[in-house]
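run01.cif follows (mmCIF, C-alpha atoms):
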```cif
data_entry
#
loop_
_atom_site.label_atom_id
_atom_site.label_comp_id
_atom_site.auth_asym_id
_atom_site.auth_seq_id
_atom_site.Cartn_x
_atom_site.Cartn_y
_atom_site.Cartn_z
CA MET A 1 -20.97 -23.60 61.00
CA LYS A 2 -24.18 -23.40 59.06
CA THR A 3 -23.36 -20.10 57.37
CA GLY A 4 -20.29 -21.52 55.57
CA PRO A 5 -21.97 -23.84 53.07
CA THR A 6 -24.72 -21.28 52.45
CA THR A 7 -22.16 -18.66 51.52
CA ILE A 8 -20.37 -21.03 49.20
CA ARG A 9 -23.56 -22.04 47.55
CA ARG A 10 -24.47 -18.41 47.02
CA ARG A 11 -21.03 -17.73 45.57
CA HIS A 12 -21.48 -20.63 43.20
CA LEU A 13 -24.80 -19.23 42.13
CA LEU A 14 -23.35 -15.77 41.57
CA ALA A 15 -20.44 -17.17 39.59
CA ALA A 16 -22.79 -19.28 37.53
CA ALA A 17 -25.03 -16.29 36.91
CA ALA A 18 -22.09 -14.10 35.89
CA GLY A 19 -20.81 -16.85 33.61
CA GLY A 20 -24.22 -17.18 32.04
CA VAL A 21 -24.33 -13.47 31.25
CA ALA A 22 -20.85 -13.57 29.74
CA ILE A 23 -21.79 -16.51 27.52
CA ALA A 24 -25.03 -14.84 26.40
CA ALA A 25 -23.26 -11.58 25.54
CA LEU A 26 -20.29 -13.11 23.75
CA PRO A 27 -21.73 -14.29 20.40
CA ARG A 28 -23.04 -10.87 19.46
CA ALA A 29 -19.75 -9.14 20.39
CA ALA A 30 -17.75 -11.75 18.48
CA GLY A 31 -19.99 -11.39 15.45
CA ALA A 32 -21.50 -14.86 15.67
CA GLU A 33 -25.26 -15.55 15.63
CA MET A 34 -25.31 -14.88 11.89
CA GLN A 35 -27.06 -16.84 9.18
CA PRO A 36 -24.69 -19.23 7.34
CA ALA A 37 -25.29 -17.32 4.07
CA THR A 38 -24.18 -14.06 5.74
CA THR A 39 -21.09 -15.65 7.26
CA GLU A 40 -20.22 -17.00 3.81
CA ALA A 41 -20.85 -13.63 2.09
CA ILE A 42 -18.59 -11.90 4.62
CA ARG A 43 -15.92 -14.60 4.26
CA LYS A 44 -15.97 -14.00 0.49
CA VAL A 45 -15.04 -10.32 0.88
CA THR A 46 -12.61 -10.73 3.79
CA GLY A 47 -10.79 -13.80 2.48
CA GLY A 48 -11.44 -15.52 5.80
CA LYS A 49 -9.92 -12.82 8.03
CA THR A 50 -12.12 -11.90 11.00
CA PRO A 51 -13.01 -8.19 11.05
CA GLN A 52 -12.49 -6.30 14.30
CA GLU A 53 -15.49 -4.73 16.01
CA GLY A 54 -15.61 -0.94 15.83
CA ARG A 55 -14.89 2.14 13.68
CA VAL A 56 -17.94 1.35 11.52
CA THR A 57 -21.22 3.09 12.37
CA LEU A 58 -24.55 2.11 10.86
CA ARG A 59 -27.42 4.52 11.20
CA LEU A 60 -30.87 3.07 10.47
CA PRO A 61 -34.25 3.62 12.08
CA PRO A 62 -34.66 1.18 15.01
CA ILE A 63 -38.15 0.38 13.72
CA ALA A 64 -38.88 0.38 9.98
CA GLU A 65 -42.59 0.46 9.23
CA ASN A 66 -42.01 -0.19 5.54
CA GLY A 67 -39.26 -2.67 4.71
CA ASN A 68 -39.35 -1.63 1.04
CA THR A 69 -37.39 1.52 1.66
CA VAL A 70 -35.28 1.83 4.80
CA PRO A 71 -32.78 4.71 4.89
CA VAL A 72 -29.27 3.65 5.86
CA THR A 73 -26.12 5.67 6.53
CA VAL A 74 -22.80 3.93 6.94
CA SER A 75 -19.80 5.88 8.18
CA VAL A 76 -16.30 4.83 9.14
CA ASP A 77 -13.90 6.52 11.52
CA SER A 78 -10.98 7.39 9.19
CA PRO A 79 -8.91 10.49 8.32
CA MET A 80 -9.45 9.69 4.58
CA THR A 81 -5.93 10.76 3.56
CA ALA A 82 -3.92 9.18 0.75
CA ALA A 83 -1.92 7.23 3.36
CA ASP A 84 -4.82 6.19 5.58
CA HIS A 85 -8.32 5.77 4.15
CA VAL A 86 -11.27 3.43 3.72
CA LYS A 87 -11.16 1.48 0.46
CA THR A 88 -14.42 -0.46 0.49
CA VAL A 89 -17.48 -0.92 2.66
CA HIS A 90 -19.66 -4.01 2.22
CA LEU A 91 -23.25 -3.88 3.44
CA PHE A 92 -25.21 -7.02 4.39
CA ALA A 93 -28.73 -7.82 5.58
CA ASP A 94 -28.54 -11.00 7.70
CA ARG A 95 -32.04 -12.36 7.01
CA ASN A 96 -32.86 -11.15 3.49
CA PRO A 97 -33.26 -13.80 0.72
CA THR A 98 -29.64 -13.02 -0.18
CA PRO A 99 -27.47 -11.14 2.34
CA ASP A 100 -25.64 -8.84 -0.13
CA VAL A 101 -26.94 -5.26 -0.21
CA ALA A 102 -24.17 -3.07 -1.61
CA THR A 103 -20.45 -2.47 -1.87
CA PHE A 104 -19.18 1.10 -1.68
CA HIS A 105 -15.81 2.07 -3.16
CA PHE A 106 -14.36 5.05 -1.32
CA THR A 107 -11.44 7.37 -2.20
CA PRO A 108 -9.53 10.02 -0.23
CA ALA A 109 -11.18 12.66 -2.49
CA MET A 110 -14.35 12.19 -0.46
CA GLY A 111 -12.85 13.84 2.62
CA ARG A 112 -15.11 11.80 4.90
CA ALA A 113 -15.93 8.08 4.88
CA GLN A 114 -19.69 7.95 4.53
CA ALA A 115 -22.43 6.75 2.18
CA ASP A 116 -26.22 6.96 2.28
CA THR A 117 -28.78 4.84 0.46
CA ARG A 118 -32.15 3.16 0.93
CA MET A 119 -32.51 -0.58 1.30
CA ARG A 120 -35.06 -3.39 1.40
CA LEU A 121 -35.46 -5.46 4.55
CA GLY A 122 -37.57 -8.62 4.32
CA GLN A 123 -38.01 -8.98 8.09
CA THR A 124 -36.64 -7.90 11.46
CA GLN A 125 -32.89 -8.50 11.33
CA ASP A 126 -29.35 -7.25 11.78
CA VAL A 127 -27.73 -5.02 9.18
CA ILE A 128 -23.96 -5.50 9.03
CA ALA A 129 -21.18 -3.40 7.46
CA VAL A 130 -17.59 -4.51 6.91
CA ALA A 131 -14.97 -1.87 6.02
CA GLU A 132 -11.59 -2.55 4.44
CA MET A 133 -8.93 0.06 5.15
CA SER A 134 -5.95 1.05 2.99
CA ASP A 135 -3.67 -0.79 5.46
CA GLY A 136 -5.68 -3.97 4.87
CA SER A 137 -7.34 -4.02 8.30
CA LEU A 138 -11.02 -4.98 8.49
CA TRP A 139 -13.64 -3.41 10.75
CA MET A 140 -17.25 -4.30 11.35
CA GLY A 141 -20.40 -2.71 12.70
CA ARG A 142 -23.92 -4.07 13.06
CA THR A 143 -27.31 -2.87 14.16
CA GLU A 144 -30.74 -4.42 14.51
CA VAL A 145 -33.80 -3.10 12.68
CA LYS A 146 -37.33 -4.17 13.57
CA VAL A 147 -39.43 -4.40 10.41
CA THR A 148 -43.22 -4.04 10.53
CA ILE A 149 -43.99 -4.81 6.85
CA GLY A 150 -41.34 -6.80 4.97
CA GLY A 151 -40.00 -5.42 1.72
CA CYS A 152 -38.86 -8.20 -0.58
CA GLY A 153 -41.98 -8.55 -2.69
CA GLY A 154 -43.97 -11.74 -2.62
CA MET B 1 -35.97 -6.80 -22.19
CA ALA B 2 -34.58 -4.49 -19.53
CA ALA B 3 -36.82 -1.68 -18.33
CA PRO B 4 -35.58 1.76 -19.38
CA ILE B 5 -33.41 3.59 -16.85
CA GLY B 6 -35.34 6.65 -15.71
CA GLN B 7 -34.37 10.25 -15.33
CA PRO B 8 -31.39 10.83 -13.02
CA ARG B 9 -31.40 13.70 -10.55
CA VAL B 10 -28.29 15.12 -8.88
CA ARG B 11 -28.08 17.76 -6.19
CA LEU B 12 -25.01 19.72 -5.13
CA PRO B 13 -25.06 22.54 -2.56
CA ALA B 14 -25.40 25.99 -4.15
CA GLN B 15 -22.73 27.75 -2.10
CA VAL B 16 -19.47 25.85 -1.68
CA ARG B 17 -16.26 27.14 -0.13
CA ALA B 18 -12.85 25.66 -1.03
CA GLY B 19 -11.88 22.88 1.38
CA GLU B 20 -15.47 22.23 2.45
CA VAL B 21 -16.77 18.65 2.58
CA ILE B 22 -20.09 18.71 0.73
CA GLU B 23 -22.77 16.07 0.28
CA ILE B 24 -23.72 14.97 -3.23
CA ARG B 25 -27.18 13.43 -3.51
CA THR B 26 -28.36 11.37 -6.46
CA LEU B 27 -31.62 9.69 -7.36
CA ILE B 28 -32.63 7.72 -10.44
CA SER B 29 -36.01 6.25 -11.41
CA HIS B 30 -35.80 2.47 -11.69
CA ALA B 31 -37.98 -0.44 -10.52
CA MET B 32 -35.01 -2.46 -9.16
CA GLU B 33 -36.84 -5.70 -9.97
CA THR B 34 -35.41 -8.24 -7.51
CA GLY B 35 -35.98 -11.47 -9.43
CA GLN B 36 -37.80 -12.78 -6.32
CA ARG B 37 -41.30 -11.71 -7.38
CA ARG B 38 -43.84 -13.65 -9.45
CA ASP B 39 -46.50 -12.33 -11.83
CA GLN B 40 -50.18 -13.35 -11.69
CA GLN B 41 -49.48 -16.48 -13.75
CA GLY B 42 -46.87 -17.54 -11.20
CA ASN B 43 -43.89 -16.89 -13.47
CA VAL B 44 -40.80 -15.36 -11.92
CA ILE B 45 -40.34 -11.73 -12.97
CA PRO B 46 -36.71 -11.62 -14.15
CA ARG B 47 -34.19 -9.61 -12.20
CA ASP B 48 -33.52 -6.15 -13.65
CA ILE B 49 -31.57 -3.74 -11.47
CA ILE B 50 -29.14 -0.86 -11.58
CA LYS B 51 -26.02 -2.76 -10.60
CA ARG B 52 -23.36 -0.06 -10.63
CA PHE B 53 -23.01 3.64 -9.93
CA VAL B 54 -19.81 5.60 -10.56
CA ALA B 55 -19.05 9.24 -9.73
CA ARG B 56 -16.11 10.92 -11.44
CA PHE B 57 -14.70 14.41 -10.87
CA GLU B 58 -12.61 15.82 -13.72
CA GLY B 59 -12.37 12.29 -15.15
CA GLU B 60 -11.13 10.72 -11.90
CA GLN B 61 -13.28 8.17 -10.02
CA VAL B 62 -14.13 9.56 -6.58
CA PHE B 63 -16.89 7.17 -5.46
CA ALA B 64 -18.56 4.01 -6.76
CA MET B 65 -21.18 1.58 -5.59
CA ASP B 66 -22.14 -1.97 -6.55
CA LEU B 67 -25.85 -2.47 -5.97
CA ALA B 68 -27.67 -5.72 -5.14
CA PRO B 69 -31.44 -6.31 -5.48
CA ALA B 70 -31.74 -5.32 -1.80
CA ILE B 71 -31.39 -1.65 -2.80
CA SER B 72 -34.83 0.02 -2.91
CA ALA B 73 -36.60 1.03 -6.13
CA ASN B 74 -35.50 4.44 -7.46
CA PRO B 75 -32.02 4.15 -5.93
CA TYR B 76 -30.98 7.05 -3.72
CA ILE B 77 -27.22 7.38 -3.31
CA ALA B 78 -25.47 10.14 -1.39
CA PHE B 79 -21.81 10.58 -0.53
CA PRO B 80 -19.42 13.29 0.71
CA PHE B 81 -16.85 15.08 -1.43
CA LYS B 82 -14.08 17.47 -0.43
CA ALA B 83 -14.37 20.50 -2.70
CA GLU B 84 -10.83 21.71 -3.45
CA LYS B 85 -11.29 23.19 -6.94
CA PRO B 86 -14.11 23.87 -9.40
CA GLY B 87 -14.81 21.22 -12.02
CA THR B 88 -17.26 18.79 -13.57
CA PHE B 89 -18.81 15.71 -12.05
CA GLU B 90 -19.93 12.85 -14.26
CA PHE B 91 -22.27 10.23 -12.83
CA THR B 92 -22.96 6.90 -14.54
CA TRP B 93 -25.65 4.34 -13.69
CA THR B 94 -25.40 0.88 -15.34
CA ASN B 95 -28.13 -1.79 -15.40
CA ASP B 96 -27.93 -5.60 -15.62
CA ALA B 97 -28.08 -5.40 -19.44
CA GLY B 98 -25.04 -3.09 -19.47
CA GLU B 99 -27.04 -0.04 -20.55
CA GLU B 100 -25.83 3.28 -19.14
CA ARG B 101 -27.40 6.52 -18.12
CA LYS B 102 -25.20 9.55 -17.45
CA ALA B 103 -25.60 12.90 -15.76
CA THR B 104 -23.19 15.77 -15.18
CA ALA B 105 -23.00 18.56 -12.62
CA GLU B 106 -20.74 21.58 -12.26
CA LEU B 107 -18.98 22.29 -9.00
CA LYS B 108 -18.53 26.03 -8.57
CA LEU B 109 -16.66 27.51 -5.64
CA ALA B 110 -17.76 30.72 -3.94
#
```
Mind turning this structure into structure tokens?
Amino acid sequence: MKTGPTTIRRRHLLAAAAGGVAIAALPRAAGAEMQPATTEAIRKVTGGKTPQEGRVTLRLPPIAENGNTVPVTVSVDSPMTAADHVKTVHLFADRNPTPDVATFHFTPAMGRAQADTRMRLGQTQDVIAVAEMSDGSLWMGRTEVKVTIGGCGG
Amino acid sequence: MAAPIGQPRVRLPAQVRAGEVIEIRTLISHAMETGQRRDQQGNVIPRDIIKRFVARFEGEQVFAMDLAPAISANPYIAFPFKAEKPGTFEFTWTNDAGEERKATAELKLA
């Protein structure tokens, strides 16, 4: 008789723990946890549509010693044909003084959906890319960069 | 008012086969003044950046980029291109004042 309540209590605890994990993991997956200025900048380019997670890959060093010049490669999974290609890729830095970094305009002539540049990061933060496809669908990728020395001047 | 746009540099691979996707690398000297910095008197140093880059092949736009002050000084821009035929690339960098700097490069196929 004594084991019953104990088991239930343990189950409750496990369920609560699992629920807690799910809640903690959700905002990042759903693209929340962004600065209001970033959310607004993304809304401006998407017209309010929520981009889907995936297809966009951001390659940056996990730790940037010098925030003045951080190499970044953005690539999108796309065949880059006339019928099916990436039109634009918007790049954002969540915690810079202004979130906008760059907008790339792609064409099928590129053969592959990729661009490389070097960016400034004022502090440790997420870098976010939103891609707009020729069919109008929107895709998003994000990655965190730890910055040792910020790069937005004083 | 605007600082002069520096010398552009463009690099294409030397040996290119038809149908190959190559990488085109560009670099231009420019301070990319953010407009966030102050001088020793405490006055804001006005923003002065390269704000647009366009790459054309045989007159047709193949890649373009709008730059914000978050792009590092001396902007480095690289992008892929599917080499189908020989021809001429023209690259144009434009600053906030609307001044342009151009460079060209020949694509030769092996």
Can you tell me which residues surround segment 67-83 of chain B at a distance of at most 9 Å, considering only C-alpha atoms, apart from same-chain residues fewer than 5 positions away, and format the answer as a PyMOL selection string? (chain A and resi 68-70+93+96-104+108-121+151-152) or (chain B and resi 6+16-35+47-53+62+107+109)
For the residues selected in the previous step, produce a file with C-alpha atoms as a compact mmCIF listing (two decimals), in the coordinates of the input.
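Output file result-v1.txt follows:
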```txt
# COMPACT_ATOMS: atom_id res chain seq x y z
CA ASN A 68 -39.35 -1.63 1.04
CA THR A 69 -37.39 1.52 1.66
CA VAL A 70 -35.28 1.83 4.80
CA ALA A 93 -28.73 -7.82 5.58
CA ASN A 96 -32.86 -11.15 3.49
CA PRO A 97 -33.26 -13.80 0.72
CA THR A 98 -29.64 -13.02 -0.18
CA PRO A 99 -27.47 -11.14 2.34
CA ASP A 100 -25.64 -8.84 -0.13
CA VAL A 101 -26.94 -5.26 -0.21
CA ALA A 102 -24.17 -3.07 -1.61
CA THR A 103 -20.45 -2.47 -1.87
CA PHE A 104 -19.18 1.10 -1.68
CA PRO A 108 -9.53 10.02 -0.23
CA ALA A 109 -11.18 12.66 -2.49
CA MET A 110 -14.35 12.19 -0.46
CA GLY A 111 -12.85 13.84 2.62
CA ARG A 112 -15.11 11.80 4.90
CA ALA A 113 -15.93 8.08 4.88
CA GLN A 114 -19.69 7.95 4.53
CA ALA A 115 -22.43 6.75 2.18
CA ASP A 116 -26.22 6.96 2.28
CA THR A 117 -28.78 4.84 0.46
CA ARG A 118 -32.15 3.16 0.93
CA MET A 119 -32.51 -0.58 1.30
CA ARG A 120 -35.06 -3.39 1.40
CA LEU A 121 -35.46 -5.46 4.55
CA GLY A 151 -40.00 -5.42 1.72
CA CYS A 152 -38.86 -8.20 -0.58
CA GLY B 6 -35.34 6.65 -15.71
CA VAL B 16 -19.47 25.85 -1.68
CA ARG B 17 -16.26 27.14 -0.13
CA ALA B 18 -12.85 25.66 -1.03
CA GLY B 19 -11.88 22.88 1.38
CA GLU B 20 -15.47 22.23 2.45
CA VAL B 21 -16.77 18.65 2.58
CA ILE B 22 -20.09 18.71 0.73
CA GLU B 23 -22.77 16.07 0.28
CA ILE B 24 -23.72 14.97 -3.23
CA ARG B 25 -27.18 13.43 -3.51
CA THR B 26 -28.36 11.37 -6.46
CA LEU B 27 -31.62 9.69 -7.36
CA ILE B 28 -32.63 7.72 -10.44
CA SER B 29 -36.01 6.25 -11.41
CA HIS B 30 -35.80 2.47 -11.69
CA ALA B 31 -37.98 -0.44 -10.52
CA MET B 32 -35.01 -2.46 -9.16
CA GLU B 33 -36.84 -5.70 -9.97
CA THR B 34 -35.41 -8.24 -7.51
CA GLY B 35 -35.98 -11.47 -9.43
CA ARG B 47 -34.19 -9.61 -12.20
CA ASP B 48 -33.52 -6.15 -13.65
CA ILE B 49 -31.57 -3.74 -11.47
CA ILE B 50 -29.14 -0.86 -11.58
CA LYS B 51 -26.02 -2.76 -10.60
CA ARG B 52 -23.36 -0.06 -10.63
CA PHE B 53 -23.01 3.64 -9.93
CA VAL B 62 -14.13 9.56 -6.58
CA LEU B 107 -18.98 22.29 -9.00
CA LEU B 109 -16.66 27.51 -5.64
```
With all atoms listed in the file counted, which protein, DNA or RNA residues have an atom no more than 10 Å from (-26.2, -5.1, 14.0) in the file frame? Please answer as a ChimeraX atom specification. /A:28-29,31,57-58,92-94,125-129,140-145
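Residues matched by the PyMOL selection byres ((chain B and resi 105) around 8) in this file are Val10, Leu12, Thr88, Phe89, Glu90, Ala103, Thr104, Glu106 and Leu107 of chain B.
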d(atom CA of Phe106 of chain A, atom CA of Pro62 of chain A) in Å: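 Between atom CA of Phe106 of chain A and atom CA of Pro62 of chain A the gap works out to 26.3 Å.
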Have a look at atom CA of Thr88 of chain A and atom CA of Gly59 of chain B and let me know their distance in Å, one decimal. 20.3 Å
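When only C-alpha atoms are used to compute distances to Glu60 of chain B, the closest of the residues B:Gln41, B:Lys108, B:Arg11, B:Phe91 turns out to be B:Phe91.
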Using all atoms listed in the file, the shortest atom-to-atom distance to Val76 of chain A among A:Gly136, A:Gly122, A:Gly48, A:Gly54 belongs to A:Gly54
Considering only C-alpha atoms, state which residue in the set A:Ser78, A:Thr107, A:Ser137, A:Gln123 is at the smallest distance from Gln61 of chain B. A:Thr107
Atomic separation - atom CA of Glu99 of chain B relative to atom CA of Arg9 of chain B, Å: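 Distance between the two atoms: 17.5 Å.
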May I ask which of the residues A:Arg95, A:His105, A:Lys49, A:His85 is the closest one to chain B, counting all atoms listed in the file?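 Using all atoms listed in the file, chain B sits closest to A:His105.
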List the residues selected by the PyMOL selection byres ((chain A and resi 83) around 9) in the file shown, writing them as an MDAnalysis selection string. chainID A and resid 80:82 84:85 108 134:135
Residue IDs satisfying the PyMOL selection byres ((chain A and resi 52) around 7), as a VMD selection string: chain A and resid 50 to 51 53 to 54 138 to 140
Could the residues in this selection be saved with C-alpha atoms as a PDB file, in the coordinates of the input?
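What landed in again_2.pdb:
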```
ATOM      1  CA  THR A  50     -12.120 -11.900  11.000  1.00  0.00           C
ATOM      2  CA  PRO A  51     -13.010  -8.190  11.050  1.00  0.00           C
ATOM      3  CA  GLU A  53     -15.490  -4.730  16.010  1.00  0.00           C
ATOM      4  CA  GLY A  54     -15.610  -0.940  15.830  1.00  0.00           C
ATOM      5  CA  LEU A 138     -11.020  -4.980   8.490  1.00  0.00           C
ATOM      6  CA  TRP A 139     -13.640  -3.410  10.750  1.00  0.00           C
ATOM      7  CA  MET A 140     -17.250  -4.300  11.350  1.00  0.00           C
TER       8      MET A 140
END
```
Given the choices A:Leu91, A:Glu40, A:Glu65, A:Val45, which gets closest to chain B if the distance is worked out from only C-alpha atoms?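 Checking each of A:Leu91, A:Glu40, A:Glu65, A:Val45 against chain B, counting only C-alpha atoms, the winner is A:Leu91.
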